[in-house]
>>> print(open('final.csv').read())   # CSV, C-alpha atoms
chain,number,residue,atom,x,y,z
A,1089,MET,CA,32.2,80.6,-55.1
A,1090,ALA,CA,28.8,81.4,-56.6
A,1091,GLN,CA,28.0,77.8,-57.2
A,1092,LEU,CA,28.3,77.3,-53.4
A,1093,PHE,CA,25.3,79.6,-52.9
A,1094,PRO,CA,22.5,78.2,-55.1
A,1095,LYS,CA,19.7,80.6,-56.0
A,1096,GLU,CA,16.9,78.5,-54.5
A,1097,HIS,CA,18.7,78.2,-51.1
A,1098,VAL,CA,19.3,81.9,-51.0
A,1099,LEU,CA,15.8,82.7,-52.0
A,1100,GLY,CA,14.5,80.2,-49.5
A,1101,PHE,CA,16.5,81.9,-46.7
A,1102,ILE,CA,15.2,85.3,-47.7
A,1103,GLY,CA,11.7,83.8,-47.7
A,1104,SER,CA,12.1,82.4,-44.2
A,1105,ILE,CA,13.3,85.8,-42.9
A,1106,ILE,CA,10.3,87.5,-44.6
A,1107,LEU,CA,7.9,84.9,-43.0
A,1108,THR,CA,9.5,85.5,-39.6
A,1109,ILE,CA,9.0,89.3,-39.9
A,1110,ALA,CA,5.4,88.7,-41.1
A,1111,ALA,CA,4.8,86.6,-38.0
A,1112,LEU,CA,6.2,89.3,-35.8
A,1113,SER,CA,3.4,91.7,-37.0
A,1114,VAL,CA,1.0,90.0,-34.5
A,1115,VAL,CA,2.9,91.5,-31.6
A,1116,GLN,CA,4.0,94.8,-33.3
A,1117,PHE,CA,0.4,95.8,-34.3
A,1118,ASP,CA,-2.8,95.6,-32.5
A,1119,VAL,CA,-4.5,92.6,-34.1
A,1120,SER,CA,-7.4,90.6,-32.8
A,1121,LEU,CA,-6.7,87.1,-31.4
A,1122,THR,CA,-8.4,85.4,-34.3
A,1123,ALA,CA,-6.5,87.4,-36.9
A,1124,GLY,CA,-3.3,86.9,-35.0
A,1125,LEU,CA,-3.8,83.1,-34.9
A,1126,VAL,CA,-4.6,83.0,-38.6
A,1127,ILE,CA,-1.4,84.9,-39.4
A,1128,LEU,CA,0.7,82.6,-37.1
A,1129,TRP,CA,-0.8,79.5,-38.7
A,1130,VAL,CA,-0.2,80.6,-42.2
A,1131,THR,CA,3.4,81.8,-41.6
A,1132,ALA,CA,4.3,78.7,-39.5
A,1133,LEU,CA,3.0,76.2,-42.0
A,1134,ALA,CA,4.6,78.1,-44.9
A,1135,GLN,CA,7.9,78.2,-43.1
A,1136,ALA,CA,7.7,74.5,-42.2
A,1137,SER,CA,6.9,73.5,-45.8
A,1138,LEU,CA,9.7,75.7,-47.1
A,1139,GLN,CA,12.2,73.9,-44.8
A,1140,LEU,CA,10.9,70.4,-45.7
A,1141,VAL,CA,10.8,70.9,-49.4
A,1142,LEU,CA,13.7,73.1,-50.1
A,1143,PHE,CA,16.3,72.2,-47.4
A,1144,MET,CA,15.3,68.7,-46.4
A,1145,HIS,CA,14.7,67.6,-50.0
A,1146,ILE,CA,11.6,65.7,-49.0
A,1147,GLY,CA,10.5,64.9,-52.6
A,1148,GLU,CA,13.7,64.1,-54.4
A,1149,THR,CA,13.8,60.3,-54.4
A,1150,ASP,CA,11.6,57.3,-55.3
A,1151,ASP,CA,10.8,57.0,-51.6
A,1152,LYS,CA,9.0,60.3,-51.6
A,1153,GLY,CA,5.5,58.7,-51.5
A,1154,SER,CA,6.3,56.8,-48.3
A,1155,ILE,CA,8.0,59.8,-46.8
A,1156,TYR,CA,5.1,62.1,-47.5
A,1157,VAL,CA,2.8,59.5,-45.9
A,1158,ILE,CA,5.0,59.1,-42.7
A,1159,THR,CA,5.2,62.8,-42.3
A,1160,LEU,CA,1.5,63.6,-42.9
A,1161,TYR,CA,0.5,60.7,-40.7
A,1162,SER,CA,2.6,62.0,-37.8
A,1163,VAL,CA,1.3,65.5,-38.3
A,1164,VAL,CA,-2.3,64.3,-38.2
A,1165,ILE,CA,-1.7,62.3,-35.1
A,1166,GLY,CA,0.0,65.3,-33.5
A,1167,LEU,CA,-2.9,67.6,-34.5
A,1168,VAL,CA,-5.5,65.2,-33.2
A,1169,THR,CA,-3.5,65.0,-29.9
A,1170,VAL,CA,-3.3,68.7,-29.5
A,1171,PHE,CA,-6.8,69.7,-30.6
A,1172,GLY,CA,-8.5,66.6,-29.2
A,1173,SER,CA,-7.1,67.5,-25.8
A,1174,LEU,CA,-8.1,71.2,-26.1
A,1175,PHE,CA,-11.5,70.1,-27.3
A,1176,ALA,CA,-12.1,67.8,-24.3
A,1177,MET,CA,-10.4,69.7,-21.5
A,1178,ILE,CA,-10.3,73.4,-22.3
A,1179,TRP,CA,-13.0,74.5,-24.7
A,1180,GLY,CA,-15.7,73.1,-22.5
A,1181,TYR,CA,-17.6,70.7,-24.7
B,67,MET,CA,13.6,52.1,-52.4
B,68,SER,CA,14.7,51.2,-55.8
B,69,LYS,CA,17.5,53.6,-56.7
B,70,HIS,CA,20.7,51.7,-56.4
B,71,ASN,CA,22.5,53.4,-59.3
B,72,ASN,CA,24.6,56.5,-59.7
B,73,SER,CA,21.8,58.9,-60.7
B,74,VAL,CA,21.0,59.8,-57.1
B,75,PRO,CA,23.3,61.8,-54.8
B,76,LEU,CA,26.1,59.9,-53.1
B,77,GLU,CA,24.3,59.8,-49.7
B,78,TYR,CA,21.5,57.7,-51.2
B,79,GLN,CA,23.6,55.2,-53.1
B,80,GLY,CA,23.4,51.6,-52.0
B,81,GLU,CA,20.4,49.9,-50.3
B,82,GLU,CA,21.8,50.5,-46.8
B,83,ASN,CA,22.2,54.2,-47.3
B,84,ASP,CA,18.8,54.5,-48.9
B,85,LEU,CA,17.2,52.7,-45.9
B,86,LYS,CA,19.0,54.7,-43.3
B,87,ILE,CA,17.6,57.9,-44.8
B,88,PHE,CA,14.1,56.4,-45.0
B,89,GLY,CA,14.4,55.2,-41.4
B,90,PHE,CA,15.4,58.6,-40.2
B,91,TRP,CA,12.3,60.1,-41.7
B,92,VAL,CA,10.3,57.5,-39.6
B,93,PHE,CA,12.2,58.7,-36.6
B,94,LEU,CA,11.4,62.3,-37.4
B,95,GLY,CA,7.7,61.2,-37.6
B,96,ALA,CA,8.0,59.9,-34.0
B,97,GLU,CA,9.7,63.2,-33.0
B,98,ILE,CA,6.7,65.2,-34.5
B,99,VAL,CA,4.4,63.2,-32.2
B,100,LEU,CA,6.7,63.7,-29.2
B,101,PHE,CA,6.7,67.5,-29.6
B,102,ALA,CA,2.9,67.4,-30.2
B,103,THR,CA,2.3,65.7,-26.8
B,104,LEU,CA,4.5,68.4,-25.1
B,105,PHE,CA,2.6,71.1,-27.0
B,106,THR,CA,-0.6,69.5,-25.8
B,107,ALA,CA,0.5,69.7,-22.2
B,108,TYR,CA,1.5,73.3,-22.7
B,109,PHE,CA,-1.6,74.5,-24.4
B,110,THR,CA,-3.8,72.7,-21.8
B,111,LEU,CA,-1.9,74.2,-18.9
B,112,VAL,CA,-1.0,77.6,-20.3
B,113,ASP,CA,-3.5,79.5,-18.1
B,114,ARG,CA,-2.7,77.6,-14.9
B,115,THR,CA,-0.2,80.1,-13.7
B,116,GLY,CA,-1.1,79.9,-10.0
B,117,SER,CA,0.7,82.6,-8.1
B,118,GLY,CA,3.6,82.6,-10.6
B,119,PRO,CA,4.2,84.8,-13.7
B,120,THR,CA,2.2,84.5,-16.9
B,121,GLY,CA,3.6,84.4,-20.4
B,122,VAL,CA,3.2,88.1,-20.8
B,123,ASP,CA,5.3,88.6,-17.7
B,124,LEU,CA,8.0,86.2,-18.8
B,125,PHE,CA,8.5,86.5,-22.5
B,126,GLU,CA,10.7,89.1,-24.0
B,127,LEU,CA,11.0,89.8,-27.7
B,128,PRO,CA,14.7,90.6,-28.3
B,129,PRO,CA,16.2,87.2,-27.2
B,130,VAL,CA,13.5,85.3,-29.0
B,131,ILE,CA,14.2,87.2,-32.3
B,132,LEU,CA,17.9,86.5,-31.8
B,133,GLU,CA,17.3,82.8,-31.2
B,134,THR,CA,15.0,82.6,-34.3
B,135,PHE,CA,17.6,84.4,-36.4
B,136,LEU,CA,20.4,82.1,-35.2
B,137,LEU,CA,18.5,78.9,-35.8
B,138,LEU,CA,17.1,80.0,-39.2
B,139,THR,CA,20.5,81.0,-40.4
B,140,SER,CA,22.1,77.8,-39.2
B,141,SER,CA,19.4,75.9,-41.1
B,142,PHE,CA,20.4,77.8,-44.2
B,143,THR,CA,24.1,77.2,-43.7
B,144,ILE,CA,23.7,73.4,-43.2
B,145,GLY,CA,21.7,73.4,-46.4
B,146,LEU,CA,24.6,75.0,-48.1
B,147,GLY,CA,26.9,72.4,-46.5
B,148,VAL,CA,24.9,69.6,-48.1
B,149,HIS,CA,24.9,71.4,-51.4
B,150,ALA,CA,28.7,71.7,-51.2
B,151,MET,CA,28.9,68.0,-50.3
B,152,ARG,CA,26.9,67.1,-53.4
B,153,LEU,CA,29.4,69.2,-55.5
B,154,GLY,CA,32.2,67.1,-53.8
B,155,ARG,CA,33.8,70.1,-52.2
B,156,VAL,CA,35.1,68.9,-48.8
B,157,LYS,CA,36.5,72.2,-47.5
B,158,PRO,CA,33.4,74.4,-48.1
B,159,MET,CA,31.3,71.7,-46.7
B,160,ILE,CA,33.2,71.5,-43.5
B,161,VAL,CA,33.3,75.3,-43.2
B,162,PHE,CA,29.5,75.4,-43.6
B,163,TYR,CA,29.0,72.7,-41.0
B,164,ILE,CA,31.3,74.5,-38.6
B,165,ILE,CA,29.4,77.8,-39.1
B,166,THR,CA,26.1,75.9,-38.5
B,167,LEU,CA,27.4,74.5,-35.2
B,168,ILE,CA,28.7,77.9,-34.1
B,169,LEU,CA,25.2,79.4,-34.8
B,170,GLY,CA,23.7,76.5,-32.9
B,171,ALA,CA,26.0,77.1,-29.9
B,172,GLY,CA,24.9,80.8,-30.1
B,173,PHE,CA,21.3,79.7,-29.9
B,174,ILE,CA,22.0,77.5,-26.8
B,175,ALA,CA,23.9,80.4,-25.2
B,176,VAL,CA,20.9,82.7,-25.6
B,177,GLU,CA,18.5,80.1,-24.4
B,178,VAL,CA,20.6,79.3,-21.3
B,179,ASP,CA,20.6,83.1,-20.6
B,180,GLU,CA,16.8,83.1,-21.1
B,181,PHE,CA,16.4,80.3,-18.5
B,182,ILE,CA,18.7,82.1,-16.1
B,183,THR,CA,16.5,85.2,-16.4
B,184,TYR,CA,13.4,83.1,-15.8
B,185,ILE,CA,14.8,81.3,-12.7
B,186,TYR,CA,16.8,84.0,-11.0
B,187,HIS,CA,15.1,87.2,-12.0
B,188,GLU,CA,11.5,86.2,-12.5
B,189,ASP,CA,11.3,83.5,-9.8
B,190,ALA,CA,9.9,81.1,-12.3
B,191,THR,CA,11.3,77.6,-11.9
B,192,ILE,CA,10.0,74.3,-13.4
B,193,GLN,CA,8.1,73.8,-10.0
B,194,THR,CA,6.4,77.3,-9.9
B,195,SER,CA,3.2,76.5,-11.7
B,196,ALA,CA,1.7,74.1,-14.3
B,197,PHE,CA,2.4,76.8,-16.9
B,198,THR,CA,6.1,77.0,-16.1
B,199,SER,CA,6.4,73.2,-15.8
B,200,SER,CA,5.0,72.6,-19.2
B,201,LEU,CA,6.8,75.6,-20.8
B,202,MET,CA,10.2,74.6,-19.5
B,203,THR,CA,9.7,70.9,-20.4
B,204,LEU,CA,8.9,71.9,-24.0
B,205,LEU,CA,11.6,74.5,-24.4
B,206,GLY,CA,14.1,72.2,-22.6
B,207,THR,CA,13.3,69.2,-24.7
B,208,HIS,CA,14.0,71.3,-27.8
B,209,GLY,CA,17.1,72.8,-26.3
B,210,ALA,CA,18.4,69.3,-25.3
B,211,HIS,CA,17.9,68.2,-28.9
B,212,VAL,CA,19.9,71.2,-30.2
B,213,SER,CA,22.6,70.5,-27.6
B,214,PHE,CA,22.8,66.8,-28.6
B,215,GLY,CA,23.0,68.0,-32.2
B,216,LEU,CA,26.1,70.1,-31.4
B,217,LEU,CA,27.9,66.9,-30.2
B,218,TRP,CA,26.6,64.9,-33.2
B,219,GLY,CA,27.7,67.6,-35.6
B,220,ILE,CA,31.2,67.7,-34.2
B,221,ALA,CA,31.4,63.9,-34.7
B,222,ILE,CA,30.3,64.3,-38.3
B,223,ILE,CA,32.8,67.0,-39.0
B,224,ILE,CA,35.7,64.9,-37.6
B,225,GLN,CA,34.7,61.9,-39.8
B,226,VAL,CA,34.4,64.0,-43.0
B,227,ALA,CA,37.7,65.7,-42.2
B,228,LYS,CA,39.3,62.3,-41.7
B,229,HIS,CA,37.8,60.2,-44.5
B,230,GLY,CA,36.6,62.8,-47.0
B,231,ILE,CA,33.2,62.6,-48.8
B,232,ASN,CA,32.3,59.0,-49.5
B,233,LYS,CA,29.1,57.0,-49.4
B,234,ARG,CA,29.2,56.4,-45.6
B,235,THR,CA,30.2,59.9,-44.5
B,236,ALA,CA,27.9,61.6,-47.0
B,237,ASN,CA,25.0,59.5,-45.7
B,238,LYS,CA,25.8,60.4,-42.1
B,239,ALA,CA,26.2,64.1,-42.9
B,240,PHE,CA,22.9,64.2,-44.8
B,241,ILE,CA,21.0,62.5,-42.0
B,242,PHE,CA,22.5,65.0,-39.6
B,243,SER,CA,21.3,67.8,-41.8
B,244,LEU,CA,17.7,66.4,-41.7
B,245,TYR,CA,17.9,66.4,-37.9
B,246,TRP,CA,19.1,70.0,-37.8
B,247,HIS,CA,16.4,71.3,-40.2
B,248,PHE,CA,13.8,69.4,-38.2
B,249,LEU,CA,14.9,71.3,-35.0
B,250,ASP,CA,14.4,74.5,-36.9
B,251,VAL,CA,10.9,73.4,-37.9
B,252,VAL,CA,10.1,72.7,-34.3
B,253,TRP,CA,11.5,76.1,-33.3
B,254,ILE,CA,9.2,77.8,-35.8
B,255,PHE,CA,6.2,76.4,-33.9
B,256,LEU,CA,7.7,77.3,-30.5
B,257,PHE,CA,8.4,80.8,-31.7
B,258,SER,CA,4.9,81.3,-33.2
B,259,PHE,CA,2.6,79.5,-30.7
B,260,ILE,CA,4.5,80.0,-27.4
B,261,TYR,CA,6.3,83.3,-27.6
B,262,LEU,CA,4.4,85.3,-30.2
B,263,LYS,CA,1.0,84.0,-29.1
B,264,GLY,CA,2.0,84.4,-25.5
B,265,MET,CA,2.9,88.1,-26.1
B,266,MET,CA,-0.2,88.9,-28.1
>>> encode(input="final.csv", output="structure tokens")
Amino acid sequence: MAQLFPKEHVLGFIGSIILTIAALSVVQFDVSLTAGLVILWVTALAQASLQLVLFMHIGETDDKGSIYVITLYSVVIGLVTVFGSLFAMIWGY
Amino acid sequence: MSKHNNSVPLEYQGEENDLKIFGFWVFLGAEIVLFATLFTAYFTLVDRTGSGPTGVDLFELPPVILETFLLLTSSFTIGLGVHAMRLGRVKPMIVFYIITLILGAGFIAVEVDEFITYIYHEDATIQTSAFTSSLMTLLGTHGAHVSFGLLWGIAIIIQVAKHGINKRTANKAFIFSLYWHFLDVVWIFLFSFIYLKGMM
């Protein structure tokens, strides 16, 4: 039975719960918008990395180099789309 | 793409299996960009609420926490399912996959209830304002992915129950687990930057 619940998975799950609770602090306490956004970015990125590395086994085969490149490339395109649009249409530059 | 021996888990063995997993990562790359464009629309239009409700009016913490907990736990249980598969334990694997789908169905139930609240109690439909349009398109696209995942997961469980764990079924079950974890990753960003930021 114990071998069905490997330690790193259980610790990863506890970690993801802790990160969720940490993210909830931005609505539970009176934090400034900037501080709140920093907390949300840190917890979201940590949470996403935890999922990718621990549960999706992103780095376990010889393909890992290509898989990292595909994922990072998509993330960069995504971020450019989001922040490029905000930059051009919302922030008034 | 060089491991065609027995030192890698069953789901990677053989060139076809290896390529299918690699190809699925390419697909997930496209999914990242899909959700990024929907997030872009949302962030651009979030203040265009017209005469409709704002995020602060709409969002409520309890259902969102419940949805997050359901999806996080389902991501954990499918991870355990893949682990059991790698140990060659069919029964625990199927049990973990079934628990995953039940949690996923729970998530969908809470989300449907959330949408019913928006539409019938808050008078916020997809046509109310640019804010509700972009919000419901983004949430709905994620919800549609989870719903599709439920059907896909059932098909996976049937195949594993029928044929046991072999190269083909292990490959399919692993790829499904990648999809499911990915939906959890997307939810983390919905949770953080739509709900929590919207309630700040």
>>> closest_residue(input="final.csv", among="A:Phe1143, A:Trp1129, A:Tyr1156, A:Phe1175", to="Phe88 (chain B)", atoms="all atoms listed in the file")
A:Tyr1156
>>> residues_around(input="final.csv", residues="Val1170 (chain A)", least_positions_apart="5", cutoff="8 Å", atoms="all atoms listed in the file", output="JSON, numbers by chain")
{"B": [102, 103, 105, 106, 109]}
>>> closest_atom_pairs(input="final.csv", of="chain B", to="chain A", cutoff="8 Å", atoms="all atoms listed in the file", output="tab-separated table")
residue	atom	partner	partner_atom	distance
B:Met67	CA	A:Asp1151	CA	5.7
B:Ser68	CA	A:Asp1150	CA	6.9
B:Lys69	CA	A:Asp1150	CA	7.1
B:Val74	CA	A:Thr1149	CA	7.7
B:Phe88	CA	A:Ile1155	CA	7.2
B:Trp91	CA	A:Ile1155	CA	6.7
B:Val92	CA	A:Ile1158	CA	6.3
B:Leu94	CA	A:Thr1159	CA	7.9
B:Gly95	CA	A:Ser1162	CA	5.2
B:Ala96	CA	A:Ser1162	CA	6.9
B:Ile98	CA	A:Ser1162	CA	6.2
B:Val99	CA	A:Gly1166	CA	5.0
B:Ala102	CA	A:Gly1166	CA	4.9
B:Thr103	CA	A:Thr1169	CA	6.6
B:Phe105	CA	A:Val1170	CA	6.8
B:Thr106	CA	A:Val1170	CA	4.6
B:Phe109	CA	A:Leu1174	CA	7.5
B:Thr110	CA	A:Leu1174	CA	6.3
B:Phe135	CA	A:Ile1105	CA	7.9
B:Leu138	CA	A:Ser1104	CA	7.5
B:Thr139	CA	A:Phe1101	CA	7.5
B:Ser141	CA	A:Phe1143	CA	7.9
B:Phe142	CA	A:Phe1101	CA	6.2
B:Gly145	CA	A:Phe1143	CA	5.6
B:Leu146	CA	A:Phe1093	CA	6.7
B:His149	CA	A:Leu1092	CA	7.1
B:Ala150	CA	A:Leu1092	CA	6.0
B:Pro158	CA	A:Leu1092	CA	7.9
B:Ser243	CA	A:Met1144	CA	7.6
B:Leu244	CA	A:Met1144	CA	5.8
B:His247	CA	A:Gln1139	CA	6.7
B:Val251	CA	A:Ala1136	CA	5.5
B:Ile254	CA	A:Ala1132	CA	6.2
B:Phe255	CA	A:Ala1132	CA	6.3
B:Ser258	CA	A:Leu1128	CA	5.9
B:Phe259	CA	A:Leu1128	CA	7.4
B:Leu262	CA	A:Val1115	CA	6.5
B:Lys263	CA	A:Leu1125	CA	7.6
B:Met265	CA	A:Val1115	CA	6.5
B:Met266	CA	A:Val1115	CA	5.3
>>> atom_distance(input="final.csv", atom1="CA of Gly154 (chain B)", atom2="CA of Trp218 (chain B)")
21.5 Å
>>> residues_near_point(input="final.csv", point="(13.0, 74.5, -24.4)", cutoff="12 Å", atoms="only C-alpha atoms", output="PyMOL selection string")
chain B and resi 101+104-105+108+130+133+173-174+176-178+180-181+192+198-213+249+252-253+255-257+260-261
>>> write_last_selection(input="final.csv", atoms="C-alpha atoms", output="mmCIF file, keeping the file's coordinate frame")
data_model
loop_
_atom_site.group_PDB
_atom_site.id
_atom_site.type_symbol
_atom_site.label_atom_id
_atom_site.label_comp_id
_atom_site.auth_asym_id
_atom_site.auth_seq_id
_atom_site.Cartn_x
_atom_site.Cartn_y
_atom_site.Cartn_z
ATOM 1 C CA PHE B 101 6.700 67.500 -29.600
ATOM 2 C CA LEU B 104 4.500 68.400 -25.100
ATOM 3 C CA PHE B 105 2.600 71.100 -27.000
ATOM 4 C CA TYR B 108 1.500 73.300 -22.700
ATOM 5 C CA VAL B 130 13.500 85.300 -29.000
ATOM 6 C CA GLU B 133 17.300 82.800 -31.200
ATOM 7 C CA PHE B 173 21.300 79.700 -29.900
ATOM 8 C CA ILE B 174 22.000 77.500 -26.800
ATOM 9 C CA VAL B 176 20.900 82.700 -25.600
ATOM 10 C CA GLU B 177 18.500 80.100 -24.400
ATOM 11 C CA VAL B 178 20.600 79.300 -21.300
ATOM 12 C CA GLU B 180 16.800 83.100 -21.100
ATOM 13 C CA PHE B 181 16.400 80.300 -18.500
ATOM 14 C CA ILE B 192 10.000 74.300 -13.400
ATOM 15 C CA THR B 198 6.100 77.000 -16.100
ATOM 16 C CA SER B 199 6.400 73.200 -15.800
ATOM 17 C CA SER B 200 5.000 72.600 -19.200
ATOM 18 C CA LEU B 201 6.800 75.600 -20.800
ATOM 19 C CA MET B 202 10.200 74.600 -19.500
ATOM 20 C CA THR B 203 9.700 70.900 -20.400
ATOM 21 C CA LEU B 204 8.900 71.900 -24.000
ATOM 22 C CA LEU B 205 11.600 74.500 -24.400
ATOM 23 C CA GLY B 206 14.100 72.200 -22.600
ATOM 24 C CA THR B 207 13.300 69.200 -24.700
ATOM 25 C CA HIS B 208 14.000 71.300 -27.800
ATOM 26 C CA GLY B 209 17.100 72.800 -26.300
ATOM 27 C CA ALA B 210 18.400 69.300 -25.300
ATOM 28 C CA HIS B 211 17.900 68.200 -28.900
ATOM 29 C CA VAL B 212 19.900 71.200 -30.200
ATOM 30 C CA SER B 213 22.600 70.500 -27.600
ATOM 31 C CA LEU B 249 14.900 71.300 -35.000
ATOM 32 C CA VAL B 252 10.100 72.700 -34.300
ATOM 33 C CA TRP B 253 11.500 76.100 -33.300
ATOM 34 C CA PHE B 255 6.200 76.400 -33.900
ATOM 35 C CA LEU B 256 7.700 77.300 -30.500
ATOM 36 C CA PHE B 257 8.400 80.800 -31.700
ATOM 37 C CA ILE B 260 4.500 80.000 -27.400
ATOM 38 C CA TYR B 261 6.300 83.300 -27.600
#
>>> atom_distance(input="final.csv", atom1="CA of Lys228 (chain B)", atom2="CA of Gly170 (chain B)")
22.9 Å
>>> closest_residue(input="final.csv", among="B:Lys238, B:His187, B:Lys233, B:Arg155", to="Pro75 (chain B)", atoms="all atoms listed in the file")
B:Lys233
>>> atom_distance(input="final.csv", atom1="CA of Leu136 (chain B)", atom2="CA of Glu97 (chain B)")
21.8 Å
>>> residues_around(input="final.csv", residues="Ile241 (chain B)", least_positions_apart="4", cutoff="9 Å", atoms="only C-alpha atoms", output="JSON, numbers by chain")
{"B": [77, 86, 87, 90, 236, 237, 245, 246]}
>>> residues_around(input="final.csv", residues="Ile164 (chain B)", least_positions_apart="6", cutoff="12 Å", atoms="all atoms listed in the file", output="list in words")
Ser140, Thr143, Ile144, Leu146, Gly147, Lys157, Pro158, Gly170, Ala171, Leu216, Leu217, Trp218, Gly219, Ile220, Ala221, Ile222, Ile223, Ile224, Val226 and Ala227 of chain B
>>> write_last_selection(input="final.csv", atoms="C-alpha atoms", output="compact mmCIF listing (two decimals), in the frame of the given file")
# COMPACT_ATOMS: atom_id res chain seq x y z
CA SER B 140 22.10 77.80 -39.20
CA THR B 143 24.10 77.20 -43.70
CA ILE B 144 23.70 73.40 -43.20
CA LEU B 146 24.60 75.00 -48.10
CA GLY B 147 26.90 72.40 -46.50
CA LYS B 157 36.50 72.20 -47.50
CA PRO B 158 33.40 74.40 -48.10
CA GLY B 170 23.70 76.50 -32.90
CA ALA B 171 26.00 77.10 -29.90
CA LEU B 216 26.10 70.10 -31.40
CA LEU B 217 27.90 66.90 -30.20
CA TRP B 218 26.60 64.90 -33.20
CA GLY B 219 27.70 67.60 -35.60
CA ILE B 220 31.20 67.70 -34.20
CA ALA B 221 31.40 63.90 -34.70
CA ILE B 222 30.30 64.30 -38.30
CA ILE B 223 32.80 67.00 -39.00
CA ILE B 224 35.70 64.90 -37.60
CA VAL B 226 34.40 64.00 -43.00
CA ALA B 227 37.70 65.70 -42.20
>>> residues_around(input="final.csv", residues="Val156 (chain B)", least_positions_apart="3", cutoff="9 Å", atoms="only C-alpha atoms", output="list in words")
Ala150, Met151, Leu153, Met159, Ile160, Val161, Val226, Ala227, Gly230 and Ile231 of chain B
>>> residues_around(input="final.csv", residues="region 116-118 of chain B", least_positions_apart="6", cutoff="8 Å", atoms="all atoms listed in the file", output="number ranges by chain")
B: 189-190, 194-196
